[in-house]
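Asks: First the structure, which I've put down as structure tokens, then a few questions once you've had a look.
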Amino acid sequence: MCSQGVPLRLEVGPKDLEKDTILSVRRDNAVKASLPAADITTAIPKLLEQIQQDMFNKAKAEVDGRRIVVEKWEDLVPVLDKKNTAILPWCEEPACEEDIKDRSNKESLAASKMEDDDRAPSSGAKTLCIPFDQSRWPSIEGKCCPACGKKAKRWTMFGRSAFTFGLPASIVPTLMTSPLLRLLIMRSSQGQRGGRAALLYELPRDLGRRQQAQRGEI
Ligand SMILES: [Zn+2]
């Protein structure tokens with residue numbers, strides 16, 4: 001029996017029939033539980049809610065754990081290289097953002113050449129958003145922008161627009177047969193880094209722009 005994509009598997013064997021129970025197996029953590037057959041209509045929705053909540057909590061913890069406060073310029077690229085989002089006390093000057101993008105790109109490229117590591121992502125950091133809830137971080141008062149030294153206005157998320165995964169060139173044509181992955185793969189292995197496919201994690205924005213372009217709005 002194939003359980004792919006099924007969040008909850010129910011098993012009924014001879015022993016379960018004897019006991020009038022059903023064995024449930026969660027796909028997310030493989031936990032098994034014996035449920036009274038009489039309660040199944042209430043127990044299953046409850047279990048599905050629990051799975052949803054647990055998966056959400058796990059994903060949220062992962063995302064939160066990857067938001068790293070960066071107050072010193074030299075910490076920015078190492079934080080991004082570990083696939084984190086950097087939270088900077090930022091001055092909000094457009095020219096400063098351009099500078100951050102440019103300098104972080106150059107530093108990433110230099111670091112990947114030094115380590116001879118083709119897998120390191122090469123793009124520079126840019127603003128992802130300025131969170132409404134600034135209370136998650138200490139007061140911005142007295143903080144300086146780590147890029148230009150000016151007075152910081154708000155905590156701002158910076159990240160790379162693309163992650164480069166170490167996909168061999170040979171796998172790209174196979175992946176391209178998938179309609180979803182065809183949308184995801186924005187550039188293939190023909191670029192200067194060779195043998196790589198870059199997947200954009202900011203896909204919704206890109207798709208939105210593409211749809212706008214199709215409608216002739218941009
Ligand atoms: Zn600045």
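Every chain in the structure tokens takes a letter, A first, then B, and so on in the order presented; its residues are numbered from 1, and the ligands are numbered from 1 following the presented order.
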Write out as a VMD selection string each polymer residue (protein, DNA or RNA) that has an atom no more than 10 Å from ligand 1, with only C-alpha atoms and all ligand atoms counted.
Replies: chain A and resid 88 to 100 144 to 153
Asks: So how far away is atom CA of Gly159 of chain A from atom CA of Thr127 of chain A, in Å?
Replies: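 Separation of atom CA of Thr127 of chain A and atom CA of Gly159 of chain A: 6.5 Å.
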Asks: Please provide as a ChimeraX atom specification all residues within 10 Å of segment 154-157 of chain A, with the sequence filter that same-chain residues fewer than 2 positions apart are discarded (counting only C-alpha atoms).
Replies: /A:67-70,85-92,125-141,143,145,151-152,159
Asks: Write a file of the selected residues as a compact mmCIF listing (two decimals), in the first residue's frame, keeping C-alpha atoms.
Replies:
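Result file out-v1.txt:
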# COMPACT_ATOMS: atom_id res chain seq x y z
CA ARG A 67 16.44 34.65 11.89
CA ILE A 68 19.74 35.88 13.17
CA VAL A 69 20.42 39.40 14.43
CA VAL A 70 23.47 40.88 12.74
CA THR A 85 17.84 35.40 7.29
CA ALA A 86 19.75 38.31 8.77
CA ILE A 87 17.96 40.86 10.96
CA LEU A 88 19.82 44.15 10.68
CA PRO A 89 19.27 47.43 12.49
CA TRP A 90 18.95 49.30 9.19
CA CYS A 91 19.11 52.94 8.16
CA GLU A 92 16.47 52.43 5.40
CA ALA A 125 21.66 40.25 0.31
CA LYS A 126 18.60 42.42 -0.13
CA THR A 127 15.72 43.51 2.04
CA LEU A 128 12.97 40.94 2.44
CA CYS A 129 10.70 42.99 4.69
CA ILE A 130 10.52 45.37 7.63
CA PRO A 131 8.48 43.45 10.20
CA PHE A 132 5.53 45.30 11.77
CA ASP A 133 6.25 43.62 15.07
CA GLN A 134 9.51 45.25 16.03
CA SER A 135 9.13 44.21 19.67
CA ARG A 136 10.65 40.83 18.86
CA TRP A 137 14.05 42.50 19.03
CA PRO A 138 15.69 44.92 21.46
CA SER A 139 14.99 48.65 21.18
CA ILE A 140 16.42 50.17 18.00
CA GLU A 141 17.40 53.31 19.96
CA LYS A 143 21.66 51.14 17.14
CA CYS A 145 23.37 50.36 10.55
CA LYS A 151 21.45 55.72 12.75
CA ALA A 152 19.25 52.63 12.39
CA GLY A 159 18.32 37.57 2.76
Asks: Using only C-alpha atoms, which protein or nucleic acid residues come within 6 Å of segment 14-22 of chain A? Drop anything in the same chain fewer than 5 positions from it, and give the result as a list in words.
Replies: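 So the residues in contact are Ser34, Leu35, Pro36 and Ala37 of chain A.
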Asks: A:Val31, A:Leu76, A:Leu47, A:Val6: which is nearest Ser104 of chain A, counting only C-alpha atoms?
Replies: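 Residue with the minimum atom-to-atom distance to Ser104 of chain A: A:Leu76.
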Asks: When DSSP works through the backbone of this structure, what residues of segment 36-135 of chain A end up as strand (DSSP E or B), shown as a list of chain:residue names?
Replies: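 Filtering segment 36-135 of chain A down to strand (DSSP E or B) leaves A:Pro36, A:Arg67, A:Ile68, A:Val69, A:Thr85, A:Ala86, A:Ile87, A:Leu88, A:Pro89, A:Trp90, A:Ala125, A:Lys126, A:Thr127, A:Leu128, A:Cys129.
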Asks: What does the distance between atom CA of Arg66 of chain A and atom CA of Ser108 of chain A come to in Å, to one decimal place?
Replies: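 Calculated distance between atom CA of Arg66 of chain A and atom CA of Ser108 of chain A is 18.6 Å.
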Asks: So the first atom is atom CA of Val77 of chain A and the second is atom CA of Lys101 of chain A; what is the distance between them in Å, to one decimal place?
Replies: 10.6 Å
Asks: Using only C-alpha atoms, pick whichever of A:Pro7, A:Gly13, A:Pro78, A:Gly142 has the shortest atom-to-atom distance to Val25 of chain A.
Replies: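 Once distances to Val25 of chain A are computed over only C-alpha atoms, the minimum belongs to A:Pro7.
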Asks: List the spatial neighbours of Ile44 of chain A as a list in words - criterion: any atom at most 10 Å away, only C-alpha atoms, same-chain residues fewer than 6 positions off excluded.
Replies: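 Here the answer would be Leu8, Leu10, Ser24, Leu35 and Gln50 of chain A.
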Asks: Output the selection as a PDB file, in the first residue's frame - C-alpha atoms for each residue.
Replies:
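Printed below is out-v6.pdb as written:
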ATOM      1  CA  LEU A   8      -2.692   9.563   8.406  1.00  0.00           C
ATOM      2  CA  LEU A  10      -5.360   3.621   9.344  1.00  0.00           C
ATOM      3  CA  SER A  24      -3.522   5.081  13.261  1.00  0.00           C
ATOM      4  CA  LEU A  35      -8.085   4.251  18.591  1.00  0.00           C
ATOM      5  CA  GLN A  50      -2.860  17.882  15.987  1.00  0.00           C
TER       6      GLN A  50
END
